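Next comes input39.pdb, with PDB, C-alpha atoms.
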ATOM      1  CA  MET A 134       4.601  22.913  26.062
ATOM      2  CA  LEU A 135       2.079  20.300  27.201
ATOM      3  CA  ARG A 136      -0.028  20.798  30.308
ATOM      4  CA  GLU A 137      -3.237  19.548  31.826
ATOM      5  CA  ALA A 138      -6.183  21.908  31.341
ATOM      6  CA  THR A 139      -8.270  23.599  33.996
ATOM      7  CA  VAL A 140     -11.804  24.963  33.867
ATOM      8  CA  ALA A 141     -10.288  28.371  33.044
ATOM      9  CA  ASP A 142      -9.185  26.897  29.690
ATOM     10  CA  ALA A 143     -12.684  25.859  28.562
ATOM     11  CA  ALA A 144     -13.299  28.827  26.234
ATOM     12  CA  ALA A 145      -9.945  28.417  24.484
ATOM     13  CA  ILE A 146     -10.464  24.653  24.165
ATOM     14  CA  SER A 147     -13.896  25.214  22.671
ATOM     15  CA  ALA A 148     -12.642  27.856  20.236
ATOM     16  CA  LEU A 149      -9.879  25.641  18.796
ATOM     17  CA  VAL A 150     -11.946  22.458  18.692
ATOM     18  CA  CYS A 151     -14.934  24.237  17.097
ATOM     19  CA  GLU A 152     -12.724  25.900  14.479
ATOM     20  CA  LEU A 153     -11.209  22.563  13.452
ATOM     21  CA  THR A 154     -14.555  20.779  13.626
ATOM     22  CA  ARG A 155     -16.130  23.304  11.263
ATOM     23  CA  ARG A 156     -13.253  22.811   8.812
ATOM     24  CA  TRP A 157     -12.710  19.041   8.931
ATOM     25  CA  ILE A 158     -15.632  17.203  10.548
ATOM     26  CA  ALA A 159     -18.850  19.166  10.020
ATOM     27  CA  PRO A 160     -18.774  18.866   6.199
ATOM     28  CA  ASP A 161     -19.197  15.075   6.552
ATOM     29  CA  CYS A 162     -22.155  15.419   8.930
ATOM     30  CA  THR A 163     -25.756  16.285   8.246
ATOM     31  CA  PRO A 164     -26.601  19.940   8.985
ATOM     32  CA  ASP A 165     -28.384  18.868  12.183
ATOM     33  CA  GLY A 166     -25.467  16.613  13.115
ATOM     34  CA  ALA A 167     -22.937  19.403  12.614
ATOM     35  CA  ALA A 168     -25.014  21.771  14.755
ATOM     36  CA  ARG A 169     -25.392  19.101  17.446
ATOM     37  CA  LEU A 170     -21.646  18.443  17.434
ATOM     38  CA  LEU A 171     -20.769  22.129  17.735
ATOM     39  CA  ARG A 172     -23.203  22.505  20.657
ATOM     40  CA  MET A 173     -21.422  19.592  22.378
ATOM     41  CA  LEU A 174     -18.132  21.485  22.040
ATOM     42  CA  ALA A 175     -19.304  24.714  23.702
ATOM     43  CA  PRO A 176     -17.351  25.993  26.717
ATOM     44  CA  ASP A 177     -20.111  25.148  29.218
ATOM     45  CA  ARG A 178     -20.204  21.553  27.955
ATOM     46  CA  THR A 179     -16.407  21.361  28.233
ATOM     47  CA  VAL A 180     -16.626  22.490  31.860
ATOM     48  CA  ARG A 181     -19.341  19.906  32.491
ATOM     49  CA  ARG A 182     -17.145  17.150  31.056
ATOM     50  CA  MET A 183     -14.257  18.266  33.283
ATOM     51  CA  ASP A 184     -16.598  18.134  36.278
ATOM     52  CA  GLU A 185     -17.563  14.593  35.199
ATOM     53  CA  GLY A 186     -13.909  13.488  35.271
ATOM     54  CA  PHE A 187     -12.739  14.028  31.697
ATOM     55  CA  ARG A 188      -9.066  14.997  31.566
ATOM     56  CA  TYR A 189      -7.856  17.529  29.019
ATOM     57  CA  LEU A 190      -4.320  17.977  27.756
ATOM     58  CA  LEU A 191      -3.290  21.212  26.073
ATOM     59  CA  ALA A 192      -0.397  21.933  23.738
ATOM     60  CA  GLN A 193       0.733  25.530  23.644
ATOM     61  CA  ARG A 194       3.296  27.450  21.663
ATOM     62  CA  GLY A 195       3.948  30.422  23.899
ATOM     63  CA  HIS A 196       0.464  31.491  24.960
ATOM     64  CA  VAL A 197      -1.204  30.167  21.803
ATOM     65  CA  LEU A 198      -3.249  26.972  22.078
ATOM     66  CA  ILE A 199      -2.251  24.620  19.243
ATOM     67  CA  GLY A 200      -3.567  21.254  20.422
ATOM     68  CA  VAL A 201      -6.202  19.615  22.600
ATOM     69  CA  ALA A 202      -6.563  16.008  23.685
ATOM     70  CA  ALA A 203      -9.208  14.716  26.055
ATOM     71  CA  LEU A 204      -9.771  11.407  27.770
ATOM     72  CA  ARG A 205     -13.162  10.197  28.990
ATOM     73  CA  PRO A 206     -12.411   7.734  31.777
ATOM     74  CA  PRO A 207     -11.627   5.022  31.872
ATOM     75  CA  ALA A 208     -10.253   4.758  28.331
ATOM     76  CA  HIS A 209     -11.962   6.702  25.533
ATOM     77  CA  LEU A 210      -9.993   9.290  23.566
ATOM     78  CA  PHE A 211     -12.635  12.002  23.289
ATOM     79  CA  HIS A 212     -10.552  14.669  21.483
ATOM     80  CA  LEU A 213      -7.264  14.801  19.613
ATOM     81  CA  PHE A 214      -7.079  18.084  17.721
ATOM     82  CA  VAL A 215      -4.031  19.907  16.394
ATOM     83  CA  ALA A 216      -4.181  23.387  14.853
ATOM     84  CA  GLU A 217      -3.464  23.347  11.131
ATOM     85  CA  GLU A 218      -0.207  25.301  11.462
ATOM     86  CA  ALA A 219       1.101  22.716  13.956
ATOM     87  CA  GLN A 220       0.120  19.558  12.056
ATOM     88  CA  ARG A 221       2.678  17.055  10.712
ATOM     89  CA  GLN A 222       5.196  17.952  13.409
ATOM     90  CA  GLY A 223       4.637  14.991  15.741
ATOM     91  CA  LEU A 224       2.409  16.903  18.153
ATOM     92  CA  ALA A 225      -0.561  14.539  17.887
ATOM     93  CA  ARG A 226       1.735  11.607  18.721
ATOM     94  CA  ARG A 227       3.236  13.430  21.725
ATOM     95  CA  MET A 228      -0.214  14.307  23.019
ATOM     96  CA  TRP A 229      -1.427  10.745  22.428
ATOM     97  CA  GLN A 230       1.521   9.313  24.362
ATOM     98  CA  THR A 231       0.768  11.614  27.286
ATOM     99  CA  VAL A 232      -2.912  10.654  27.325
ATOM    100  CA  GLN A 233      -1.997   6.952  27.122
ATOM    101  CA  ALA A 234      -0.177   7.359  30.427
ATOM    102  CA  TRP A 235      -3.490   8.420  32.011
ATOM    103  CA  VAL A 236      -5.018   5.003  31.241
ATOM    104  CA  ASP A 237      -4.497   1.927  33.366
ATOM    105  CA  LEU A 238      -2.949  -0.292  30.712
ATOM    106  CA  PRO A 239      -3.525  -2.892  29.361
ATOM    107  CA  GLU A 240      -7.019  -1.354  29.135
ATOM    108  CA  PRO A 241      -7.810  -0.921  25.415
ATOM    109  CA  ILE A 242      -8.473   2.680  24.359
ATOM    110  CA  THR A 243     -11.357   3.597  22.061
ATOM    111  CA  VAL A 244     -11.950   6.564  19.776
ATOM    112  CA  ASN A 245     -14.664   7.644  17.358
ATOM    113  CA  ALA A 246     -12.618   8.847  14.392
ATOM    114  CA  SER A 247     -13.797  11.405  11.872
ATOM    115  CA  ARG A 248     -13.067  10.638   8.228
ATOM    116  CA  HIS A 249     -10.296  13.208   8.180
ATOM    117  CA  ALA A 250      -8.568  11.682  11.222
ATOM    118  CA  LEU A 251      -8.622   8.018  10.173
ATOM    119  CA  ALA A 252      -5.084   8.061   8.764
ATOM    120  CA  VAL A 253      -3.699   9.727  11.882
ATOM    121  CA  TYR A 254      -5.320   7.158  14.164
ATOM    122  CA  ARG A 255      -4.017   4.317  12.000
ATOM    123  CA  LYS A 256      -0.495   5.747  12.375
ATOM    124  CA  LEU A 257      -1.082   5.727  16.137
ATOM    125  CA  GLU A 258      -1.937   2.004  15.804
ATOM    126  CA  PHE A 259      -5.705   2.222  16.244
ATOM    127  CA  GLU A 260      -7.773  -0.292  14.293
ATOM    128  CA  ALA A 261     -11.355   0.099  13.109
ATOM    129  CA  THR A 262     -13.767  -2.091  15.064
ATOM    130  CA  GLY A 263     -16.584  -1.725  12.584
ATOM    131  CA  PRO A 264     -17.800   0.224   9.587
ATOM    132  CA  GLU A 265     -18.299   3.971   9.431
ATOM    133  CA  LEU A 266     -21.412   4.990  11.362
ATOM    134  CA  CYS A 267     -23.716   7.985  11.312
ATOM    135  CA  GLU A 268     -25.417   8.640  14.648
ATOM    136  CA  HIS A 269     -27.537  11.732  15.162
ATOM    137  CA  GLY A 270     -26.103  13.019  11.874
ATOM    138  CA  ILE A 271     -22.480  12.736  13.064
ATOM    139  CA  VAL A 272     -20.224  10.515  10.944
ATOM    140  CA  PHE A 273     -17.418   8.500  12.589
ATOM    141  CA  THR A 274     -15.586   5.186  12.573
ATOM    142  CA  PRO A 275     -15.236   3.371  15.910
ATOM    143  CA  MET A 276     -11.612   2.410  16.529
ATOM    144  CA  LEU A 277      -9.611   0.640  19.223
ATOM    145  CA  TRP A 278      -6.008   0.741  20.387
ATOM    146  CA  ARG A 279      -4.504  -2.157  22.327
ATOM    147  CA  GLN A 280      -1.165  -2.170  24.070
ATOM    148  CA  PRO A 281       1.260  -4.196  21.928
ATOM    149  CA  THR A 282       2.086  -7.585  23.412
TER     150      THR A 282
END

Written as structure tokens, how would this file's structure read?
Amino acid sequence: MLREATVADAAAISALVCELTRRWIAPDCTPDGAARLLRMLAPDRTVRRMDEGFRYLLAQRGHVLIGVAALRPPAHLFHLFVAEEAQRQGLARRMWQTVQAWVDLPEPITVNASRHALAVYRKLEFEATGPELCEHGIVFTPMLWRQPT
């Protein structure tokens, strides 16, 4: 089931995103960068982003949270996380398609992709807009999606 998140979901969002970040993203960051990133993913910061207009999409299997996507308006994919047990089942694509509908197309959509997520974003038709960067100890590749013409 996919549904839009509320402030009441912030702790669960943070728990899943932090778990996956520790496993897949933090190892590529500096120690300070990893700590900074995990602080940014805390529940209070999630609530703040919601208050600032970020929209969050949740994927649940029963009552278990298995995916989180977030859009920073107007068109930046801030999160696209899928729990390990739910990966390779098309969930990231379904979540991506839902988030796309939140954007006033043909606005291009940006994302800062972790090394681990590059292949997924390429499958979703994102293209790198530059080389891998390391800002504040956090490693990512800037990418862009444009509506096909």

Exercise: range 263-269 of chain A partners within 12 Å, all atoms listed in the file, chain neighbours under 3 positions left out, as a short mmCIF file (atom, residue, chain, number, x, y, z; two decimals) with C-alpha atoms, in the coordinates of the input:
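New file out07.cif:
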data_model
loop_
_atom_site.label_atom_id
_atom_site.label_comp_id
_atom_site.auth_asym_id
_atom_site.auth_seq_id
_atom_site.Cartn_x
_atom_site.Cartn_y
_atom_site.Cartn_z
CA ASP A 161 -19.20 15.08 6.55
CA CYS A 162 -22.16 15.42 8.93
CA THR A 163 -25.76 16.28 8.25
CA PRO A 164 -26.60 19.94 8.98
CA ASP A 165 -28.38 18.87 12.18
CA GLY A 166 -25.47 16.61 13.12
CA ALA A 167 -22.94 19.40 12.61
CA ALA A 168 -25.01 21.77 14.76
CA ARG A 169 -25.39 19.10 17.45
CA LEU A 170 -21.65 18.44 17.43
CA VAL A 244 -11.95 6.56 19.78
CA ASN A 245 -14.66 7.64 17.36
CA ALA A 246 -12.62 8.85 14.39
CA SER A 247 -13.80 11.40 11.87
CA ARG A 248 -13.07 10.64 8.23
CA LEU A 251 -8.62 8.02 10.17
CA GLU A 260 -7.77 -0.29 14.29
CA VAL A 272 -20.22 10.52 10.94
CA PHE A 273 -17.42 8.50 12.59
CA THR A 274 -15.59 5.19 12.57
CA PRO A 275 -15.24 3.37 15.91
CA MET A 276 -11.61 2.41 16.53
CA LEU A 277 -9.61 0.64 19.22
#

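Distances to His249 in chain A were evaluated for A:Pro176, A:Trp157, A:Arg226, A:Thr282 using all atoms listed in the file, and the minimum falls at A:Trp157.
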
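Rounded to one decimal, CA of Pro239 in chain A and CA of Pro207 in chain A lie 11.6 Å from each other.
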
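Of the listed residues A:Ala141, A:Leu198, A:Ala192, A:Leu210, the one whose atoms come nearest to Gly223 in chain A is A:Ala192, with distances taken using only C-alpha atoms.
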
Grab all the atoms of range 228-244 of chain A that the file lists, wrap them in a box along x, y and z, add 8 Å per side, and give me centre plus edge lengths in Å (one decimal) as AutoDock Vina command-line options.
--center_x -5.2 --center_y 5.7 --center_z 26.6 --size_x 29.5 --size_y 33.2 --size_z 29.6

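Among the candidates A:Ala219, A:Ile271, A:Met173, A:Val140, the one nearest to Arg188 in chain A when counting all atoms listed in the file is A:Val140.
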
* **Length of the CA of Ala202 in chain A to CA of Arg255 in chain A vector [Å]** => 16.7 Å

* Within 10 Å of Ala225 in chain A, counting all atoms listed in the file, which residues qualify if same-chain residues fewer than 2 places away don't, as a list in words? -> Ala192, Gly200, Val201, Ala202, Leu213, Phe214, Val215, Ala219, Gln220, Arg221, Gln222, Gly223, Arg227, Met228, Trp229, Gln230, Thr231, Val253, Tyr254 and Leu257 of chain A
